[in-house]
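Have a look at structure.json; it's JSON, C-alpha atoms:
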[["chain", "number", "residue", "atom", "x", "y", "z"],
["A", 1, "MET", "CA", -56.43, 33.39, 5.00],
["A", 2, "ALA", "CA", -55.75, 37.10, 5.44],
["A", 3, "ARG", "CA", -55.60, 39.31, 2.33],
["A", 4, "MET", "CA", -53.45, 42.28, 3.25],
["A", 5, "LYS", "CA", -54.67, 45.67, 2.04],
["A", 6, "PHE", "CA", -54.27, 49.35, 2.74],
["A", 7, "LEU", "CA", -57.19, 51.71, 3.21],
["A", 8, "CYS", "CA", -56.78, 55.49, 3.41],
["A", 9, "ASP", "CA", -59.60, 57.52, 4.90],
["A", 10, "SER", "CA", -59.40, 60.92, 3.20],
["A", 11, "GLU", "CA", -61.86, 62.36, 5.75],
["A", 12, "ARG", "CA", -59.28, 61.81, 8.46],
["A", 13, "CYS", "CA", -55.88, 62.33, 6.82],
["A", 14, "ILE", "CA", -54.40, 65.60, 8.07],
["A", 15, "GLU", "CA", -51.30, 65.55, 5.84],
["A", 16, "CYS", "CA", -48.97, 65.19, 8.82],
["A", 17, "ASN", "CA", -46.65, 62.86, 6.87],
["A", 18, "GLY", "CA", -46.28, 60.65, 9.92],
["A", 19, "CYS", "CA", -46.73, 57.58, 7.69],
["A", 20, "VAL", "CA", -43.97, 58.78, 5.36],
["A", 21, "THR", "CA", -41.62, 59.35, 8.27],
["A", 22, "ALA", "CA", -42.48, 56.03, 9.91],
["A", 23, "CYS", "CA", -41.78, 54.18, 6.65],
["A", 24, "LYS", "CA", -38.51, 55.99, 6.07],
["A", 25, "ASN", "CA", -37.34, 55.34, 9.59],
["A", 26, "GLU", "CA", -38.49, 51.75, 9.94],
["A", 27, "ASN", "CA", -37.02, 50.58, 6.64],
["A", 28, "GLU", "CA", -34.09, 53.00, 6.42],
["A", 29, "VAL", "CA", -35.20, 53.97, 2.92],
["A", 30, "PRO", "CA", -32.44, 55.89, 1.10],
["A", 31, "TRP", "CA", -32.63, 59.51, 0.07],
["A", 32, "GLY", "CA", -34.57, 59.98, -3.16],
["A", 33, "VAL", "CA", -36.79, 56.93, -2.67],
["A", 34, "ASN", "CA", -40.26, 57.42, -1.25],
["A", 35, "ARG", "CA", -42.13, 54.22, -0.67],
["A", 36, "ARG", "CA", -45.02, 56.20, 0.75],
["A", 37, "ARG", "CA", -46.10, 59.78, 0.17],
["A", 38, "VAL", "CA", -49.04, 62.00, 0.99],
["A", 39, "VAL", "CA", -50.91, 63.55, -1.92],
["A", 40, "THR", "CA", -53.16, 66.55, -1.32],
["A", 41, "LEU", "CA", -55.94, 67.44, -3.73],
["A", 42, "ASN", "CA", -57.44, 70.92, -3.94],
["A", 43, "ASP", "CA", -54.68, 72.25, -1.73],
["A", 44, "GLY", "CA", -55.74, 75.45, -0.02],
["A", 45, "VAL", "CA", -59.35, 75.33, -1.17],
["A", 46, "VAL", "CA", -61.46, 75.65, 1.96],
["A", 47, "GLY", "CA", -63.78, 72.69, 2.42],
["A", 48, "ALA", "CA", -62.50, 70.85, -0.63],
["A", 49, "GLU", "CA", -59.01, 69.88, 0.46],
["A", 50, "LYS", "CA", -58.39, 66.16, 0.73],
["A", 51, "SER", "CA", -55.19, 64.31, 1.53],
["A", 52, "ILE", "CA", -54.43, 60.68, 0.78],
["A", 53, "SER", "CA", -51.49, 58.55, 1.79],
["A", 54, "VAL", "CA", -50.29, 56.60, -1.24],
["A", 55, "ALA", "CA", -47.96, 53.62, -1.61],
["A", 56, "CYS", "CA", -48.07, 50.22, -3.25],
["A", 57, "MET", "CA", -51.60, 48.92, -2.71],
["A", 58, "HIS", "CA", -50.62, 45.27, -3.25],
["A", 59, "CYS", "CA", -53.24, 44.95, -5.97],
["A", 60, "SER", "CA", -55.28, 41.79, -6.42],
["A", 61, "ASP", "CA", -54.38, 41.69, -10.11],
["A", 62, "ALA", "CA", -51.12, 43.61, -9.98],
["A", 63, "PRO", "CA", -50.17, 45.21, -13.32],
["A", 64, "CYS", "CA", -46.50, 45.34, -12.29],
["A", 65, "MET", "CA", -46.45, 41.55, -12.18],
["A", 66, "ALA", "CA", -47.97, 41.35, -15.65],
["A", 67, "VAL", "CA", -45.43, 43.61, -17.32],
["A", 68, "CYS", "CA", -42.18, 42.61, -15.59],
["A", 69, "PRO", "CA", -39.90, 41.18, -18.30],
["A", 70, "VAL", "CA", -37.83, 39.17, -15.82],
["A", 71, "ASP", "CA", -40.73, 37.93, -13.65],
["A", 72, "CYS", "CA", -39.25, 39.14, -10.41],
["A", 73, "PHE", "CA", -42.62, 39.72, -8.69],
["A", 74, "TYR", "CA", -44.46, 37.27, -6.50],
["A", 75, "ARG", "CA", -47.44, 37.33, -4.18],
["A", 76, "THR", "CA", -47.24, 35.93, -0.67],
["A", 77, "ASP", "CA", -49.94, 33.70, 0.80],
["A", 78, "ASP", "CA", -51.38, 36.72, 2.61],
["A", 79, "GLY", "CA", -51.69, 38.78, -0.58],
["A", 80, "VAL", "CA", -48.59, 40.99, -0.34],
["A", 81, "VAL", "CA", -46.89, 41.77, -3.68],
["A", 82, "LEU", "CA", -43.11, 41.55, -3.32],
["A", 83, "HIS", "CA", -40.17, 41.30, -5.68],
["A", 84, "ASP", "CA", -36.68, 39.84, -5.86],
["A", 85, "LYS", "CA", -34.08, 42.61, -6.22],
["A", 86, "ASP", "CA", -31.48, 40.11, -7.36],
["A", 87, "LEU", "CA", -33.54, 39.61, -10.53],
["A", 88, "CYS", "CA", -34.75, 43.17, -11.11],
["A", 89, "ILE", "CA", -33.00, 44.92, -13.99],
["A", 90, "GLY", "CA", -34.40, 48.37, -13.25],
["A", 91, "CYS", "CA", -36.16, 48.65, -16.61],
["A", 92, "GLY", "CA", -39.01, 50.78, -15.22],
["A", 93, "TYR", "CA", -41.88, 48.91, -16.91],
["A", 94, "CYS", "CA", -43.56, 48.42, -13.54],
["A", 95, "PHE", "CA", -43.46, 52.16, -12.90],
["A", 96, "TYR", "CA", -45.40, 52.84, -16.10],
["A", 97, "ALA", "CA", -47.87, 50.05, -15.37],
["A", 98, "CYS", "CA", -48.59, 50.99, -11.75],
["A", 99, "PRO", "CA", -51.68, 53.21, -11.33],
["A", 100, "PHE", "CA", -50.34, 54.47, -7.99],
["A", 101, "GLY", "CA", -46.79, 55.39, -9.00],
["A", 102, "ALA", "CA", -45.46, 53.04, -6.34],
["A", 103, "PRO", "CA", -42.24, 51.68, -7.89],
["A", 104, "GLN", "CA", -39.25, 53.86, -7.03],
["A", 105, "PHE", "CA", -35.82, 53.82, -8.61],
["A", 106, "PRO", "CA", -32.75, 55.03, -6.77],
["A", 107, "GLN", "CA", -30.19, 56.84, -8.84],
["A", 108, "ALA", "CA", -27.34, 54.34, -9.19],
["A", 109, "GLY", "CA", -24.60, 56.37, -10.79],
["A", 110, "ALA", "CA", -23.82, 59.06, -13.30],
["A", 111, "PHE", "CA", -26.01, 59.99, -16.30],
["A", 112, "GLY", "CA", -29.27, 59.17, -14.50],
["A", 113, "LEU", "CA", -28.56, 55.45, -14.37],
["A", 114, "ARG", "CA", -31.36, 53.74, -12.49],
["A", 115, "GLY", "CA", -30.89, 51.19, -9.77],
["A", 116, "LYS", "CA", -33.13, 48.29, -8.86],
["A", 117, "MET", "CA", -36.75, 49.01, -8.17],
["A", 118, "ASP", "CA", -37.79, 49.67, -4.59],
["A", 119, "LYS", "CA", -41.34, 49.82, -3.27],
["A", 120, "CYS", "CA", -43.51, 49.32, -0.22],
["A", 121, "THR", "CA", -43.30, 45.75, 1.04],
["A", 122, "PHE", "CA", -46.21, 45.99, 3.49],
["A", 123, "CYS", "CA", -43.34, 45.68, 5.97],
["A", 124, "ALA", "CA", -43.01, 42.05, 4.88],
["A", 125, "GLY", "CA", -39.38, 42.12, 3.71],
["A", 126, "GLY", "CA", -38.48, 40.06, 0.67],
["A", 127, "PRO", "CA", -37.10, 36.74, -0.50],
["A", 128, "GLU", "CA", -34.21, 36.57, 1.93],
["A", 129, "PRO", "CA", -34.22, 34.74, 5.27],
["A", 130, "ASP", "CA", -36.80, 36.46, 7.45],
["A", 131, "ARG", "CA", -35.49, 39.11, 9.85],
["A", 132, "SER", "CA", -31.95, 38.66, 8.50],
["A", 133, "GLU", "CA", -29.49, 41.48, 7.87],
["A", 134, "ALA", "CA", -29.59, 40.74, 4.12],
["A", 135, "GLU", "CA", -33.36, 41.14, 4.09],
["A", 136, "PHE", "CA", -33.19, 44.39, 6.00],
["A", 137, "GLN", "CA", -30.50, 45.84, 3.72],
["A", 138, "LYS", "CA", -32.43, 45.05, 0.53],
["A", 139, "TYR", "CA", -36.06, 45.34, 1.52],
["A", 140, "GLY", "CA", -36.34, 46.85, 4.99],
["A", 141, "ARG", "CA", -37.84, 45.46, 8.13],
["A", 142, "ASN", "CA", -40.07, 42.39, 8.15],
["A", 143, "ARG", "CA", -42.70, 43.38, 10.67],
["A", 144, "LEU", "CA", -45.22, 40.79, 9.53],
["A", 145, "ALA", "CA", -42.75, 38.07, 10.55],
["A", 146, "GLU", "CA", -42.67, 39.75, 13.98],
["A", 147, "GLY", "CA", -46.46, 39.60, 14.23],
["A", 148, "LYS", "CA", -46.86, 43.33, 13.59],
["A", 149, "LEU", "CA", -48.57, 45.47, 10.95],
["A", 150, "PRO", "CA", -46.88, 48.01, 8.63],
["A", 151, "ALA", "CA", -45.27, 50.87, 10.53],
["A", 152, "CYS", "CA", -47.11, 53.54, 8.50],
["A", 153, "ALA", "CA", -50.54, 52.27, 9.51],
["A", 154, "GLU", "CA", -49.62, 51.63, 13.12],
["A", 155, "MET", "CA", -48.04, 55.09, 13.46],
["A", 156, "CYS", "CA", -50.92, 57.01, 11.85],
["A", 157, "SER", "CA", -52.04, 59.48, 14.49],
["A", 158, "THR", "CA", -55.62, 59.88, 13.24],
["A", 159, "LYS", "CA", -55.92, 56.26, 12.08],
["A", 160, "ALA", "CA", -56.69, 57.54, 8.59],
["A", 161, "LEU", "CA", -54.41, 54.87, 7.19],
["A", 162, "LEU", "CA", -55.54, 51.37, 7.99],
["A", 163, "GLY", "CA", -53.51, 48.31, 7.08],
["A", 164, "GLY", "CA", -54.25, 44.63, 7.44],
["A", 165, "ASP", "CA", -56.68, 41.97, 6.33],
["A", 166, "GLY", "CA", -59.18, 43.51, 3.91],
["A", 167, "ASP", "CA", -62.21, 42.15, 5.77],
["A", 168, "VAL", "CA", -61.08, 43.46, 9.15],
["A", 169, "ILE", "CA", -60.13, 46.97, 8.04],
["A", 170, "ALA", "CA", -63.30, 47.23, 5.92],
["A", 171, "ASP", "CA", -65.31, 46.46, 9.05],
["A", 172, "ILE", "CA", -63.44, 49.15, 10.99],
["A", 173, "TYR", "CA", -64.06, 51.64, 8.19],
["A", 174, "ARG", "CA", -67.73, 50.67, 7.89],
["A", 175, "GLU", "CA", -68.31, 51.35, 11.58],
["A", 176, "ARG", "CA", -66.55, 54.68, 11.24],
["A", 177, "VAL", "CA", -68.65, 55.75, 8.25],
["A", 178, "THR", "CA", -71.83, 54.69, 10.01],
["A", 179, "ARG", "CA", -70.96, 56.82, 13.02],
["A", 180, "ARG", "CA", -70.01, 59.97, 11.15],
["A", 181, "GLY", "CA", -72.61, 59.53, 8.39],
["A", 182, "ARG", "CA", -70.44, 60.55, 5.46],
["A", 183, "GLY", "CA", -67.25, 59.81, 3.53],
["A", 184, "ALA", "CA", -67.95, 56.25, 2.45],
["A", 185, "GLU", "CA", -65.75, 56.48, -0.65],
["A", 186, "VAL", "CA", -62.52, 54.55, -0.34],
["A", 187, "TRP", "CA", -59.86, 56.02, -2.54],
["A", 188, "GLY", "CA", -58.05, 53.55, -4.83],
["A", 189, "TRP", "CA", -59.84, 50.39, -3.74],
["A", 190, "GLY", "CA", -61.67, 49.89, -7.03],
["A", 191, "THR", "CA", -58.42, 50.28, -8.95],
["A", 192, "ALA", "CA", -56.39, 48.05, -6.67],
["A", 193, "TYR", "CA", -58.81, 45.35, -5.64],
["A", 194, "GLY", "CA", -61.54, 45.47, -8.31],
["A", 195, "PRO", "CA", -65.15, 46.57, -7.98],
["A", 196, "ALA", "CA", -67.01, 45.58, -4.85],
["A", 197, "PRO", "CA", -69.34, 42.59, -5.31],
["A", 198, "LYS", "CA", -72.90, 43.61, -6.10],
["A", 199, "GLN", "CA", -75.47, 43.33, -3.36],
["A", 200, "GLY", "CA", -77.54, 40.17, -3.69],
["A", 201, "ALA", "CA", -75.24, 38.63, -6.29],
["A", 202, "THR", "CA", -75.21, 34.86, -6.28],
["A", 203, "LYS", "CA", -72.06, 32.74, -5.78],
["B", 204, "MET", "CA", -49.60, 34.58, -65.98],
["B", 205, "ARG", "CA", -46.62, 32.30, -66.18],
["B", 206, "PRO", "CA", -46.24, 29.69, -63.39],
["B", 207, "ALA", "CA", -42.96, 31.18, -62.19],
["B", 208, "THR", "CA", -44.52, 34.63, -61.89],
["B", 209, "ALA", "CA", -47.50, 33.18, -60.06],
["B", 210, "ILE", "CA", -45.24, 31.37, -57.56],
["B", 211, "VAL", "CA", -43.23, 34.52, -56.95],
["B", 212, "ALA", "CA", -46.45, 36.49, -56.49],
["B", 213, "VAL", "CA", -47.82, 33.98, -53.97],
["B", 214, "VAL", "CA", -44.55, 33.86, -52.01],
["B", 215, "LEU", "CA", -44.30, 37.64, -52.03],
["B", 216, "ALA", "CA", -47.93, 37.99, -50.89],
["B", 217, "ALA", "CA", -47.38, 35.48, -48.08],
["B", 218, "PHE", "CA", -44.26, 37.35, -46.99],
["B", 219, "VAL", "CA", -45.96, 40.74, -47.02],
["B", 220, "LEU", "CA", -49.18, 39.57, -45.33],
["B", 221, "ALA", "CA", -47.26, 37.79, -42.59],
["B", 222, "ALA", "CA", -47.06, 41.10, -40.75],
["B", 223, "CYS", "CA", -50.88, 41.28, -40.63],
["B", 224, "GLY", "CA", -51.18, 38.40, -38.20],
["B", 225, "GLU", "CA", -52.12, 39.28, -34.62],
["B", 226, "ARG", "CA", -50.15, 37.58, -31.93],
["B", 227, "GLU", "CA", -51.09, 37.50, -28.27],
["B", 228, "GLN", "CA", -49.43, 40.45, -26.57],
["B", 229, "VAL", "CA", -50.50, 39.69, -23.03],
["B", 230, "ALA", "CA", -48.65, 37.12, -21.01],
["B", 231, "GLU", "CA", -51.28, 37.06, -18.27],
["B", 232, "GLY", "CA", -51.60, 33.63, -16.73],
["B", 233, "LYS", "CA", -48.31, 32.44, -18.13],
["B", 234, "ARG", "CA", -46.03, 34.40, -15.80],
["B", 235, "THR", "CA", -44.10, 32.43, -13.26],
["B", 236, "TYR", "CA", -41.91, 33.90, -10.59],
["B", 237, "GLN", "CA", -38.25, 33.31, -11.36],
["B", 238, "GLY", "CA", -36.67, 34.44, -8.11],
["B", 239, "LYS", "CA", -35.81, 32.98, -4.74],
["B", 240, "ARG", "CA", -38.46, 31.34, -2.57],
["B", 241, "ASP", "CA", -39.61, 33.37, 0.39],
["B", 242, "THR", "CA", -40.42, 31.98, 3.79],
["B", 243, "LYS", "CA", -43.89, 32.33, 5.26],
["B", 244, "SER", "CA", -44.45, 35.04, 7.83],
["B", 245, "TRP", "CA", -45.57, 32.47, 10.42],
["B", 246, "ASP", "CA", -42.46, 30.30, 9.95],
["B", 247, "ASN", "CA", -40.58, 32.39, 12.49],
["B", 248, "GLU", "CA", -40.31, 32.32, 16.23],
["B", 249, "PRO", "CA", -42.07, 35.32, 17.75],
["B", 250, "LEU", "CA", -39.84, 37.92, 19.34],
["B", 251, "ASP", "CA", -39.51, 38.08, 23.10],
["B", 252, "TYR", "CA", -41.43, 41.35, 23.00],
["B", 253, "ALA", "CA", -44.43, 39.68, 21.33],
["B", 254, "LEU", "CA", -44.38, 36.79, 23.80],
["B", 255, "ASN", "CA", -44.27, 39.19, 26.71],
["B", 256, "HIS", "CA", -47.32, 41.01, 25.38],
["B", 257, "GLY", "CA", -49.70, 38.08, 25.23],
["B", 258, "SER", "CA", -48.78, 36.65, 21.84],
["B", 259, "LYS", "CA", -49.50, 32.94, 21.60],
["B", 260, "TRP", "CA", -48.15, 31.90, 18.22],
["B", 261, "SER", "CA", -45.20, 29.63, 17.66],
["B", 262, "LYS", "CA", -43.08, 28.80, 14.62],
["B", 263, "GLY", "CA", -45.20, 27.30, 11.83],
["B", 264, "ASP", "CA", -48.50, 28.04, 13.59],
["B", 265, "GLU", "CA", -50.38, 29.88, 10.85],
["B", 266, "ALA", "CA", -53.66, 30.16, 12.76],
["B", 267, "GLY", "CA", -51.86, 31.56, 15.81],
["B", 268, "TRP", "CA", -50.00, 34.11, 13.70],
["B", 269, "GLU", "CA", -53.23, 35.20, 12.02],
["B", 270, "GLN", "CA", -54.84, 35.62, 15.41],
["B", 271, "GLN", "CA", -51.90, 37.78, 16.52],
["B", 272, "ILE", "CA", -52.22, 39.93, 13.37],
["B", 273, "LYS", "CA", -55.97, 40.23, 13.84],
["B", 274, "GLN", "CA", -55.51, 41.44, 17.41],
["B", 275, "ARG", "CA", -53.08, 44.00, 16.11],
["B", 276, "GLN", "CA", -55.51, 45.15, 13.41],
["B", 277, "LEU", "CA", -58.31, 45.65, 15.87],
["B", 278, "THR", "CA", -56.21, 48.16, 17.81],
["B", 279, "GLN", "CA", -56.65, 50.43, 14.79],
["B", 280, "ASN", "CA", -60.30, 50.75, 15.72],
["B", 281, "GLU", "CA", -60.30, 53.51, 18.32],
["B", 282, "TYR", "CA", -63.98, 52.94, 19.07],
["B", 283, "GLN", "CA", -62.98, 49.60, 20.57],
["B", 284, "ARG", "CA", -60.07, 51.09, 22.47],
["B", 285, "ILE", "CA", -61.94, 53.98, 24.07],
["B", 286, "GLY", "CA", -65.25, 52.19, 24.44],
["B", 287, "ARG", "CA", -68.49, 52.81, 22.62]]

This entry written out as structure tokens:
Amino acid sequence: MARMKFLCDSERCIECNGCVTACKNENEVPWGVNRRRVVTLNDGVVGAEKSISVACMHCSDAPCMAVCPVDCFYRTDDGVVLHDKDLCIGCGYCFYACPFGAPQFPQAGAFGLRGKMDKCTFCAGGPEPDRSEAEFQKYGRNRLAEGKLPACAEMCSTKALLGGDGDVIADIYRERVTRRGRGAEVWGWGTAYGPAPKQGATK
Amino acid sequence: MRPATAIVAVVLAAFVLAACGEREQVAEGKRTYQGKRDTKSWDNEPLDYALNHGSKWSKGDEAGWEQQIKQRQLTQNEYQRIGR
């Protein structure tokens, strides 16, 4: 069974924002909501600048699921964390719980009233009939149901952003690190998916 | 101490100390999804595009869908695309 994960290679990300644009376009995400964004550390410092593409990481033990007061989150069989917008009350607890700042809230009226939470779906839609108009309107395109991967990862020009089954993309990354001989650190993986199993550990 | 005073003192103490109890604040493991059921990704017919590009999965075929996704993932490895 595949366990869908994202992996961002900070050695390769060139801050082109292609992933952001692909996500916006594919899912027709409204103005003011950014399911994916590129964060640059040490901006302008020669040799120390690193960029990372950040969105919902679909955590193994997702804190958003633990804090939601209306239990609108669920995890699919392939490890994607999704939510039911018909249940969401826009309280914002998930935003405070998320270590990646993934949950987004569209402004839904005057006085800063918040709408229902919106976040990256790993291009897997939501709890509406797959590939239906209702699903697209609420959650965006369901590419997984079309046998495709998230648009952000597939559109990444330098293949800094990898998306898919954790084992497969880890193998791709491992080969890459072996070839270039540096940059083995994977940003956010420890936070999202827990520490890597120790070498030689039993069970 | 008179019995009435003692009873009042005990009741008062129980009332005041009730706030000192520690209740479980974490609902981990007890959460259940309350929303609509979602369909599985592989419970869909592949699009004509996918079929025309060598896809071999059919509705309900989980293994076939996973194979299709795996093929797609491997295209992210440019070392395999351009040769070693």

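Minimum atom-to-atom distance to Lys259 of chain B, evaluated using only C-alpha atoms, belongs to A:Gly147 out of A:Gly44, A:Gly147, A:Phe111, A:Cys56.
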
Problem set entry | 8 Å contacts from chain A to chain B using all atoms listed in the file, as a VMD selection string | chain A and resid 1 to 2 66 70 to 74 76 to 77 84 86 to 87 124 126 to 130 144 to 149 154 159 162 to 165 168 to 169 172

Exercise. Which of these, A:Cys59, A:Val80, A:Cys64, A:Ala48, has the shortest distance to Gly92 of chain A once you count all atoms listed in the file?
Worked result: A:Cys64

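Atom CA of Val186 of chain A is found 21.2 Å from atom CA of Thr121 of chain A.
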
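Here atom CA of Gly166 of chain A and atom CA of Leu7 of chain A stand 8.5 Å from one another.
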
Exercise. If we count only C-alpha atoms, what is near Thr21 of chain A at a cut-off of 10 Å, once residues fewer than 2 positions away on the same chain are taken out, given as a VMD selection string?
Worked result: chain A and resid 16 to 19 23 to 26 29 34 36 to 37 151 to 152 155

Selected residues written out, C-alpha atoms, as an mmCIF file, in the frame of the given file:
data_model
loop_
_atom_site.group_PDB
_atom_site.id
_atom_site.type_symbol
_atom_site.label_atom_id
_atom_site.label_comp_id
_atom_site.auth_asym_id
_atom_site.auth_seq_id
_atom_site.Cartn_x
_atom_site.Cartn_y
_atom_site.Cartn_z
ATOM 1 C CA CYS A 16 -48.970 65.190 8.820
ATOM 2 C CA ASN A 17 -46.650 62.860 6.870
ATOM 3 C CA GLY A 18 -46.280 60.650 9.920
ATOM 4 C CA CYS A 19 -46.730 57.580 7.690
ATOM 5 C CA CYS A 23 -41.780 54.180 6.650
ATOM 6 C CA LYS A 24 -38.510 55.990 6.070
ATOM 7 C CA ASN A 25 -37.340 55.340 9.590
ATOM 8 C CA GLU A 26 -38.490 51.750 9.940
ATOM 9 C CA VAL A 29 -35.200 53.970 2.920
ATOM 10 C CA ASN A 34 -40.260 57.420 -1.250
ATOM 11 C CA ARG A 36 -45.020 56.200 0.750
ATOM 12 C CA ARG A 37 -46.100 59.780 0.170
ATOM 13 C CA ALA A 151 -45.270 50.870 10.530
ATOM 14 C CA CYS A 152 -47.110 53.540 8.500
ATOM 15 C CA MET A 155 -48.040 55.090 13.460
#

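Taking atom CA of Val20 of chain A and atom CA of Ile89 of chain A as the two end points, the separation is 26.2 Å.
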
Problem set entry | Exercise: Leu161 of chain A partners within 7 Å, all atoms listed in the file, chain neighbours under 6 positions left out, as JSON, numbers by chain | {"A": [7, 8, 9, 153]}

Problem set entry | Spatial sel., origin (-52.6, 60.0, -2.2), limit 9 Å, all atoms listed in the file, listed as a PyMOL selection string | chain A and resi 8+10+36-41+50-55+100+187-188

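Shortest separation to Cys123 of chain A among A:Lys85, A:Arg12, A:His58, A:Arg180 occurs at residue A:His58, atoms counted being all atoms listed in the file.
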